[in-house]
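Structure data follow from data20.tsv (TSV, N, CA, C and O atoms):
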```
chain	number	residue	atom	x	y	z
A	1366	GLN	N	8.94	59.32	264.89
A	1366	GLN	CA	9.60	58.31	264.06
A	1366	GLN	C	10.88	58.92	263.48
A	1366	GLN	O	10.86	60.00	262.90
A	1367	THR	N	11.99	58.23	263.66
A	1367	THR	CA	13.24	58.74	263.14
A	1367	THR	C	13.40	58.32	261.68
A	1367	THR	O	13.01	57.22	261.29
A	1368	GLY	N	13.98	59.22	260.89
A	1368	GLY	CA	14.19	58.93	259.48
A	1368	GLY	C	15.43	58.09	259.25
A	1368	GLY	O	16.35	58.08	260.06
A	1369	LYS	N	15.42	57.35	258.19
A	1369	LYS	CA	16.58	56.56	257.80
A	1369	LYS	C	17.39	57.35	256.78
A	1369	LYS	O	16.84	58.12	256.00
A	1370	LEU	N	18.66	57.12	256.81
A	1370	LEU	CA	19.55	57.82	255.89
A	1370	LEU	C	19.67	57.08	254.57
A	1370	LEU	O	19.62	55.86	254.52
A	1371	MET	N	19.82	57.85	253.50
A	1371	MET	CA	20.08	57.29	252.18
A	1371	MET	C	21.19	58.12	251.55
A	1371	MET	O	21.12	59.34	251.52
A	1372	TYR	N	22.20	57.44	251.08
A	1372	TYR	CA	23.34	58.11	250.47
A	1372	TYR	C	23.26	57.90	248.96
A	1372	TYR	O	23.14	56.77	248.49
A	1373	VAL	N	23.32	58.98	248.19
A	1373	VAL	CA	23.27	58.91	246.74
A	1373	VAL	C	24.67	59.17	246.21
A	1373	VAL	O	25.31	60.16	246.58
A	1374	MET	N	25.14	58.24	245.36
A	1374	MET	CA	26.51	58.34	244.86
A	1374	MET	C	26.54	58.22	243.35
A	1374	MET	O	25.69	57.55	242.75
A	1375	HIS	N	27.52	58.87	242.76
A	1375	HIS	CA	27.79	58.78	241.32
A	1375	HIS	C	29.22	58.31	241.16
A	1375	HIS	O	30.09	58.66	241.95
A	1376	ASN	N	29.46	57.50	240.14
A	1376	ASN	CA	30.79	56.95	239.90
A	1376	ASN	C	31.16	57.24	238.45
A	1376	ASN	O	30.41	56.90	237.53
A	1377	SER	N	32.32	57.87	238.25
A	1377	SER	CA	32.73	58.23	236.89
A	1377	SER	C	32.99	57.00	236.01
A	1377	SER	O	32.99	57.09	234.79
A	1378	GLU	N	33.21	55.83	236.62
A	1378	GLU	CA	33.40	54.62	235.83
A	1378	GLU	C	32.07	54.09	235.30
A	1378	GLU	O	32.05	53.26	234.40
A	1379	TYR	N	30.97	54.52	235.89
A	1379	TYR	CA	29.62	54.15	235.45
A	1379	TYR	C	28.81	55.43	235.29
A	1379	TYR	O	27.93	55.74	236.09
A	1380	PRO	N	29.08	56.21	234.22
A	1380	PRO	CA	28.47	57.54	234.11
A	1380	PRO	C	26.95	57.55	233.91
A	1380	PRO	O	26.31	58.56	234.18
A	1381	LEU	N	26.37	56.46	233.47
A	1381	LEU	CA	24.92	56.43	233.24
A	1381	LEU	C	24.15	55.86	234.42
A	1381	LEU	O	22.94	55.66	234.33
A	1382	SER	N	24.84	55.60	235.53
A	1382	SER	CA	24.19	55.00	236.69
A	1382	SER	C	24.26	55.92	237.91
A	1382	SER	O	25.14	56.76	238.02
A	1383	CYS	N	23.33	55.71	238.80
A	1383	CYS	CA	23.27	56.42	240.08
A	1383	CYS	C	23.08	55.34	241.14
A	1383	CYS	O	22.27	54.43	240.98
A	1384	PHE	N	23.84	55.41	242.22
A	1384	PHE	CA	23.80	54.40	243.27
A	1384	PHE	C	23.23	55.02	244.54
A	1384	PHE	O	23.62	56.12	244.93
A	1385	ALA	N	22.30	54.34	245.17
A	1385	ALA	CA	21.72	54.79	246.42
A	1385	ALA	C	21.90	53.69	247.46
A	1385	ALA	O	21.53	52.54	247.22
A	1386	LEU	N	22.47	54.04	248.57
A	1386	LEU	CA	22.71	53.09	249.65
A	1386	LEU	C	21.85	53.50	250.84
A	1386	LEU	O	21.99	54.61	251.35
A	1387	PHE	N	20.95	52.62	251.24
A	1387	PHE	CA	20.07	52.89	252.36
A	1387	PHE	C	20.73	52.43	253.66
A	1387	PHE	O	21.41	51.42	253.68
A	1388	GLU	N	20.49	53.18	254.73
A	1388	GLU	CA	21.03	52.82	256.03
A	1388	GLU	C	20.48	51.47	256.45
A	1388	GLU	O	19.27	51.27	256.48
A	1389	ASN	N	21.35	50.53	256.77
A	1389	ASN	CA	20.98	49.17	257.18
A	1389	ASN	C	20.04	48.50	256.18
A	1389	ASN	O	19.12	47.79	256.56
A	1390	GLY	N	20.26	48.77	254.90
A	1390	GLY	CA	19.36	48.19	253.92
A	1390	GLY	C	20.05	47.94	252.60
A	1390	GLY	O	21.26	47.86	252.52
A	1391	PRO	N	19.24	47.82	251.56
A	1391	PRO	CA	19.78	47.44	250.26
A	1391	PRO	C	20.47	48.59	249.53
A	1391	PRO	O	20.37	49.74	249.92
A	1392	CYS	N	21.14	48.23	248.47
A	1392	CYS	CA	21.75	49.20	247.57
A	1392	CYS	C	20.91	49.23	246.30
A	1392	CYS	O	20.53	48.19	245.77
A	1393	LEU	N	20.61	50.41	245.84
A	1393	LEU	CA	19.79	50.59	244.65
A	1393	LEU	C	20.67	51.12	243.53
A	1393	LEU	O	21.46	52.05	243.75
A	1394	ILE	N	20.55	50.54	242.35
A	1394	ILE	CA	21.26	51.04	241.18
A	1394	ILE	C	20.20	51.50	240.19
A	1394	ILE	O	19.33	50.73	239.80
A	1395	ALA	N	20.28	52.76	239.80
A	1395	ALA	CA	19.29	53.34	238.89
A	1395	ALA	C	20.01	54.16	237.82
A	1395	ALA	O	21.22	54.34	237.89
A	1396	ASP	N	19.24	54.67	236.86
A	1396	ASP	CA	19.88	55.53	235.87
A	1396	ASP	C	20.03	56.93	236.44
A	1396	ASP	O	19.60	57.22	237.56
A	1397	THR	N	20.65	57.80	235.69
A	1397	THR	CA	20.98	59.13	236.20
A	1397	THR	C	19.75	59.98	236.50
A	1397	THR	O	19.86	60.99	237.20
A	1398	ASN	N	18.58	59.61	236.02
A	1398	ASN	CA	17.36	60.37	236.30
A	1398	ASN	C	16.86	60.17	237.72
A	1398	ASN	O	15.87	60.76	238.12
A	1399	PHE	N	17.53	59.33	238.51
A	1399	PHE	CA	17.14	59.12	239.90
A	1399	PHE	C	17.20	60.43	240.68
A	1399	PHE	O	16.36	60.67	241.55
A	1400	ASP	N	18.17	61.28	240.36
A	1400	ASP	CA	18.27	62.58	241.03
A	1400	ASP	C	17.03	63.43	240.78
A	1400	ASP	O	16.55	64.11	241.69
A	1401	VAL	N	16.49	63.38	239.58
A	1401	VAL	CA	15.28	64.13	239.25
A	1401	VAL	C	14.10	63.60	240.05
A	1401	VAL	O	13.27	64.36	240.57
A	1402	LEU	N	14.02	62.29	240.19
A	1402	LEU	CA	12.96	61.67	240.98
A	1402	LEU	C	13.05	62.11	242.44
A	1402	LEU	O	12.03	62.41	243.07
A	1403	MET	N	14.25	62.16	242.98
A	1403	MET	CA	14.42	62.57	244.37
A	1403	MET	C	13.98	64.02	244.60
A	1403	MET	O	13.43	64.35	245.64
A	1404	VAL	N	14.21	64.88	243.62
A	1404	VAL	CA	13.76	66.27	243.73
A	1404	VAL	C	12.23	66.33	243.78
A	1404	VAL	O	11.65	67.08	244.56
A	1405	LYS	N	11.58	65.50	242.98
A	1405	LYS	CA	10.11	65.47	242.97
A	1405	LYS	C	9.54	64.89	244.27
A	1405	LYS	O	8.41	65.18	244.63
A	1406	LEU	N	10.32	64.06	244.97
A	1406	LEU	CA	9.87	63.45	246.22
A	1406	LEU	C	10.40	64.19	247.45
A	1406	LEU	O	10.43	63.62	248.54
A	1407	LYS	N	10.80	65.44	247.28
A	1407	LYS	CA	11.41	66.16	248.41
A	1407	LYS	C	10.45	66.37	249.57
A	1407	LYS	O	10.88	66.63	250.68
A	1408	GLY	N	9.15	66.18	249.36
A	1408	GLY	CA	8.21	66.25	250.46
A	1408	GLY	C	8.31	65.06	251.40
A	1408	GLY	O	7.91	65.12	252.55
A	1409	PHE	N	8.86	63.96	250.91
A	1409	PHE	CA	9.00	62.74	251.70
A	1409	PHE	C	10.41	62.52	252.21
A	1409	PHE	O	10.64	61.79	253.15
A	1410	PHE	N	11.38	63.14	251.54
A	1410	PHE	CA	12.78	62.97	251.90
A	1410	PHE	C	13.39	64.32	252.23
A	1410	PHE	O	13.12	65.31	251.54
A	1411	GLN	N	14.18	64.36	253.26
A	1411	GLN	CA	14.85	65.58	253.63
A	1411	GLN	C	16.31	65.48	253.19
A	1411	GLN	O	17.01	64.54	253.53
A	1412	SER	N	16.74	66.46	252.45
A	1412	SER	CA	18.11	66.47	251.96
A	1412	SER	C	19.06	66.97	253.04
A	1412	SER	O	18.77	67.93	253.74
A	1413	ALA	N	20.18	66.29	253.16
A	1413	ALA	CA	21.20	66.72	254.12
A	1413	ALA	C	21.96	67.92	253.55
A	1413	ALA	O	21.72	68.34	252.42
A	1414	LYS	N	22.87	68.44	254.35
A	1414	LYS	CA	23.70	69.53	253.85
A	1414	LYS	C	24.34	69.09	252.55
A	1414	LYS	O	24.75	67.96	252.40
A	1415	ALA	N	24.42	70.00	251.63
A	1415	ALA	CA	25.00	69.69	250.31
A	1415	ALA	C	26.51	69.54	250.44
A	1415	ALA	O	27.26	70.45	250.15
A	1416	SER	N	26.94	68.38	250.90
A	1416	SER	CA	28.36	68.13	251.02
A	1416	SER	C	28.77	67.14	249.94
A	1416	SER	O	28.18	66.08	249.80
A	1417	LYS	N	29.73	67.52	249.16
A	1417	LYS	CA	30.20	66.67	248.07
A	1417	LYS	C	31.54	66.07	248.48
A	1417	LYS	O	32.49	66.79	248.77
A	1418	ILE	N	31.59	64.76	248.51
A	1418	ILE	CA	32.82	64.05	248.82
A	1418	ILE	C	33.30	63.40	247.54
A	1418	ILE	O	32.52	62.76	246.84
A	1419	GLU	N	34.56	63.60	247.23
A	1419	GLU	CA	35.10	63.14	245.96
A	1419	GLU	C	36.42	62.42	246.17
A	1419	GLU	O	37.21	62.79	247.04
A	1420	THR	N	36.63	61.36	245.40
A	1420	THR	CA	37.90	60.64	245.43
A	1420	THR	C	38.51	60.69	244.04
A	1420	THR	O	37.86	60.32	243.07
A	1421	ARG	N	39.76	61.14	243.97
A	1421	ARG	CA	40.48	61.17	242.70
A	1421	ARG	C	41.80	60.45	242.89
A	1421	ARG	O	42.47	60.63	243.90
A	1422	GLY	N	42.13	59.63	241.90
A	1422	GLY	CA	43.38	58.90	242.03
A	1422	GLY	C	43.74	58.14	240.79
A	1422	GLY	O	43.32	58.48	239.69
A	1423	THR	N	44.48	57.07	241.00
A	1423	THR	CA	45.03	56.28	239.91
A	1423	THR	C	44.62	54.83	240.05
A	1423	THR	O	44.47	54.33	241.16
A	1424	ARG	N	44.46	54.15	238.90
A	1424	ARG	CA	44.14	52.73	238.86
A	1424	ARG	C	45.38	51.96	238.43
A	1424	ARG	O	46.09	52.37	237.52
A	1425	TYR	N	45.62	50.85	239.07
A	1425	TYR	CA	46.72	49.98	238.72
A	1425	TYR	C	46.20	48.56	238.57
A	1425	TYR	O	45.27	48.16	239.25
A	1426	GLN	N	46.83	47.80	237.69
A	1426	GLN	CA	46.53	46.38	237.60
A	1426	GLN	C	47.76	45.63	238.04
A	1426	GLN	O	48.87	45.83	237.54
A	1427	TYR	N	47.58	44.76	239.04
A	1427	TYR	CA	48.67	43.94	239.56
A	1427	TYR	C	48.22	42.50	239.55
A	1427	TYR	O	47.28	42.13	240.27
A	1428	CYS	N	48.85	41.69	238.69
A	1428	CYS	CA	48.46	40.29	238.49
A	1428	CYS	C	46.97	40.22	238.17
A	1428	CYS	O	46.55	40.77	237.18
A	1429	ASP	N	46.19	39.57	239.02
A	1429	ASP	CA	44.75	39.42	238.79
A	1429	ASP	C	43.92	40.43	239.58
A	1429	ASP	O	42.73	40.21	239.79
A	1430	PHE	N	44.54	41.52	240.03
A	1430	PHE	CA	43.83	42.48	240.87
A	1430	PHE	C	43.85	43.87	240.27
A	1430	PHE	O	44.78	44.26	239.58
A	1431	LEU	N	42.80	44.61	240.56
A	1431	LEU	CA	42.71	46.02	240.23
A	1431	LEU	C	42.87	46.81	241.52
A	1431	LEU	O	42.14	46.57	242.48
A	1432	VAL	N	43.83	47.71	241.55
A	1432	VAL	CA	44.11	48.49	242.75
A	1432	VAL	C	43.87	49.96	242.42
A	1432	VAL	O	44.41	50.48	241.44
A	1433	LYS	N	43.04	50.61	243.23
A	1433	LYS	CA	42.76	52.03	243.06
A	1433	LYS	C	43.21	52.77	244.31
A	1433	LYS	O	42.83	52.41	245.42
A	1434	VAL	N	44.02	53.80	244.12
A	1434	VAL	CA	44.51	54.61	245.22
A	1434	VAL	C	44.14	56.06	244.91
A	1434	VAL	O	44.38	56.54	243.80
A	1435	GLY	N	43.53	56.75	245.89
A	1435	GLY	CA	43.11	58.11	245.64
A	1435	GLY	C	43.05	58.96	246.89
A	1435	GLY	O	43.09	58.45	248.01
A	1436	THR	N	42.95	60.24	246.69
A	1436	THR	CA	42.80	61.21	247.76
A	1436	THR	C	41.33	61.57	247.91
A	1436	THR	O	40.66	61.88	246.92
A	1437	VAL	N	40.82	61.52	249.13
A	1437	VAL	CA	39.42	61.85	249.41
A	1437	VAL	C	39.36	63.32	249.82
A	1437	VAL	O	40.06	63.74	250.75
A	1438	THR	N	38.55	64.09	249.12
A	1438	THR	CA	38.38	65.50	249.44
A	1438	THR	C	36.92	65.81	249.74
A	1438	THR	O	36.01	65.20	249.18
A	1439	MET	N	36.72	66.75	250.63
A	1439	MET	CA	35.38	67.25	250.94
A	1439	MET	C	35.48	68.76	250.82
A	1439	MET	O	36.10	69.42	251.65
A	1440	GLY	N	34.89	69.27	249.75
A	1440	GLY	CA	35.06	70.68	249.46
A	1440	GLY	C	36.50	70.92	249.02
A	1440	GLY	O	37.08	70.13	248.28
A	1441	PRO	N	37.12	71.96	249.51
A	1441	PRO	CA	38.49	72.26	249.09
A	1441	PRO	C	39.57	71.52	249.88
A	1441	PRO	O	40.74	71.58	249.52
A	1442	SER	N	39.20	70.83	250.95
A	1442	SER	CA	40.24	70.25	251.81
A	1442	SER	C	40.29	68.72	251.71
A	1442	SER	O	39.27	68.05	251.57
A	1443	ALA	N	41.51	68.19	251.78
A	1443	ALA	CA	41.73	66.75	251.75
A	1443	ALA	C	41.32	66.14	253.09
A	1443	ALA	O	41.61	66.70	254.15
A	1444	ARG	N	40.64	65.01	253.04
A	1444	ARG	CA	40.15	64.36	254.25
A	1444	ARG	C	40.77	62.99	254.51
A	1444	ARG	O	40.69	62.46	255.60
A	1445	GLY	N	41.34	62.37	253.49
A	1445	GLY	CA	41.91	61.05	253.70
A	1445	GLY	C	42.39	60.42	252.41
A	1445	GLY	O	42.44	61.05	251.36
A	1446	ILE	N	42.75	59.15	252.52
A	1446	ILE	CA	43.23	58.37	251.38
A	1446	ILE	C	42.34	57.15	251.24
A	1446	ILE	O	41.97	56.51	252.22
A	1447	SER	N	42.02	56.81	250.01
A	1447	SER	CA	41.19	55.65	249.71
A	1447	SER	C	42.02	54.62	248.96
A	1447	SER	O	42.72	54.95	248.02
A	1448	VAL	N	41.92	53.36	249.40
A	1448	VAL	CA	42.58	52.25	248.71
A	1448	VAL	C	41.52	51.18	248.47
A	1448	VAL	O	40.88	50.71	249.41
A	1449	GLU	N	41.34	50.80	247.22
A	1449	GLU	CA	40.37	49.77	246.85
A	1449	GLU	C	41.12	48.68	246.10
A	1449	GLU	O	41.87	48.95	245.17
A	1450	VAL	N	40.93	47.43	246.52
A	1450	VAL	CA	41.55	46.29	245.86
A	1450	VAL	C	40.44	45.30	245.54
A	1450	VAL	O	39.66	44.93	246.42
A	1451	ARG	N	40.37	44.87	244.29
A	1451	ARG	CA	39.36	43.90	243.90
A	1451	ARG	C	39.89	43.02	242.76
A	1451	ARG	O	40.81	43.42	242.06
A	1452	PRO	N	39.27	41.86	242.57
A	1452	PRO	CA	39.71	41.00	241.46
A	1452	PRO	C	39.47	41.68	240.13
A	1452	PRO	O	38.50	42.41	239.97
A	1453	TRP	N	40.33	41.45	239.19
A	1453	TRP	CA	40.22	42.05	237.86
A	1453	TRP	C	39.16	41.41	237.08
A	1453	TRP	O	38.59	40.60	236.83
```

Please express the file's structure as structure tokens.
Amino acid sequence: QTGKLMYVMHNSEYPLSCFALFENGPCLIADTNFDVLMVKLKGFFQSAKASKIETRGTRYQYCDFLVKVGTVTMGPSARGISVEVRPW
């Protein structure tokens, strides 16, 4: 049986929340203690390589939209650019 992937994310705009996105499935929003729960369940879940991907940038408001532009880094090296546009 092949395992399904789950991605755990933290967002500085929501410091008390932890987001988990399941492969081909739902998104889970939990409090920051979710990481502690995952450590206790390590017998059921296998952790991938400890790779930290981070986006840092600037937020702009244009009319009724919020625009975020940032640099995506993985470790010490830049990997790309992120642009997010959403209603304000």

Pick the closest to Arg1421 in chain A from A:Pro1380, A:Asp1400, A:Ile1446, A:Gly1408: which is it, counting only N, CA, C and O atoms? A:Ile1446

Counting only C-alpha atoms, what is within 10 Å of Leu1370 in chain A, bar same-chain residues fewer than 6 positions away, as a list in words?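 Residues meeting the cut-off are Leu1386, Phe1387, Glu1388, Asn1389, Gly1390, Phe1410, Gln1411, Ser1412 and Ala1413 of chain A.
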
Filtered DSSP result for chain A, state helix (DSSP H, G or I), as an mmCIF file with N, CA, C and O atoms, in the frame of the given file:
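Once everything was written out, this is part19.cif:
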```cif
data_model
loop_
_atom_site.group_PDB
_atom_site.id
_atom_site.type_symbol
_atom_site.label_atom_id
_atom_site.label_comp_id
_atom_site.auth_asym_id
_atom_site.auth_seq_id
_atom_site.Cartn_x
_atom_site.Cartn_y
_atom_site.Cartn_z
ATOM 1 N N PHE A 1399 17.530 59.330 238.510
ATOM 2 C CA PHE A 1399 17.140 59.120 239.900
ATOM 3 C C PHE A 1399 17.200 60.430 240.680
ATOM 4 O O PHE A 1399 16.360 60.670 241.550
ATOM 5 N N ASP A 1400 18.170 61.280 240.360
ATOM 6 C CA ASP A 1400 18.270 62.580 241.030
ATOM 7 C C ASP A 1400 17.030 63.430 240.780
ATOM 8 O O ASP A 1400 16.550 64.110 241.690
ATOM 9 N N VAL A 1401 16.490 63.380 239.580
ATOM 10 C CA VAL A 1401 15.280 64.130 239.250
ATOM 11 C C VAL A 1401 14.100 63.600 240.050
ATOM 12 O O VAL A 1401 13.270 64.360 240.570
ATOM 13 N N LEU A 1402 14.020 62.290 240.190
ATOM 14 C CA LEU A 1402 12.960 61.670 240.980
ATOM 15 C C LEU A 1402 13.050 62.110 242.440
ATOM 16 O O LEU A 1402 12.030 62.410 243.070
ATOM 17 N N MET A 1403 14.250 62.160 242.980
ATOM 18 C CA MET A 1403 14.420 62.570 244.370
ATOM 19 C C MET A 1403 13.980 64.020 244.600
ATOM 20 O O MET A 1403 13.430 64.350 245.640
ATOM 21 N N VAL A 1404 14.210 64.880 243.620
ATOM 22 C CA VAL A 1404 13.760 66.270 243.730
ATOM 23 C C VAL A 1404 12.230 66.330 243.780
ATOM 24 O O VAL A 1404 11.650 67.080 244.560
ATOM 25 N N LYS A 1405 11.580 65.500 242.980
ATOM 26 C CA LYS A 1405 10.110 65.470 242.970
ATOM 27 C C LYS A 1405 9.540 64.890 244.270
ATOM 28 O O LYS A 1405 8.410 65.180 244.630
#
```

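Straight-line separation from CA of Ser1382 in chain A to CA of Asp1396 in chain A: 4.4 Å.
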
Point out the residue among A:Gln1426, A:Met1371, A:Lys1407, A:Ser1447 with the least atom-to-atom distance to Pro1391 in chain A, counting only C-alpha atoms.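 For Pro1391 in chain A, the nearest of the candidates is A:Met1371.
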
Can you tell me, as a VMD selection string, what residues are no more than 6 Å from Phe1430 in chain A when counting only C-alpha atoms, ignoring any on the same chain fewer than 5 positions away? chain A and resid 1451 to 1453

For a test of reading the model, state the distance in Å between atom C of Ile1418 in chain A and CA of Lys1405 in chain A, rounded to one decimal. 23.7 Å

Using only C-alpha atoms, what residues lie at most 12 Å away from (24.3, 60.9, 231.4) (file coordinates), given as a PyMOL selection string? chain A and resi 1375-1383+1395-1400

Can you measure CA of Thr1423 in chain A to atom O of Gly1435 in chain A for me? One decimal in Å is fine.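 CA of Thr1423 in chain A sits 8.6 Å away from atom O of Gly1435 in chain A.
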
With distances taken over only C-alpha atoms, which of A:Phe1384, A:Glu1419, A:Met1374, A:Val1404 is nearest to Gly1445 in chain A? A:Glu1419

When distances are computed from only C-alpha atoms, which of A:Lys1433, A:Lys1369, A:Ile1394, A:Gly1422 shows the smallest separation from Phe1409 in chain A? A:Lys1369

Pick from A:Ala1385, A:Leu1402, A:Cys1392, A:Lys1417: nearest to Arg1444 in chain A, with only C-alpha atoms counted? A:Lys1417

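Distances to Val1373 in chain A were evaluated for A:Ser1416, A:Val1437, A:Val1448, A:Leu1406 using all atoms listed in the file, and the minimum falls at A:Ser1416.
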
Step one, run DSSP on the backbone; step two, keep only residues of chain A assigned to strand (DSSP E); then write them as a PyMOL selection string. chain A and resi 1371-1376+1379-1387+1392-1396+1418-1427+1430-1439+1442-1452
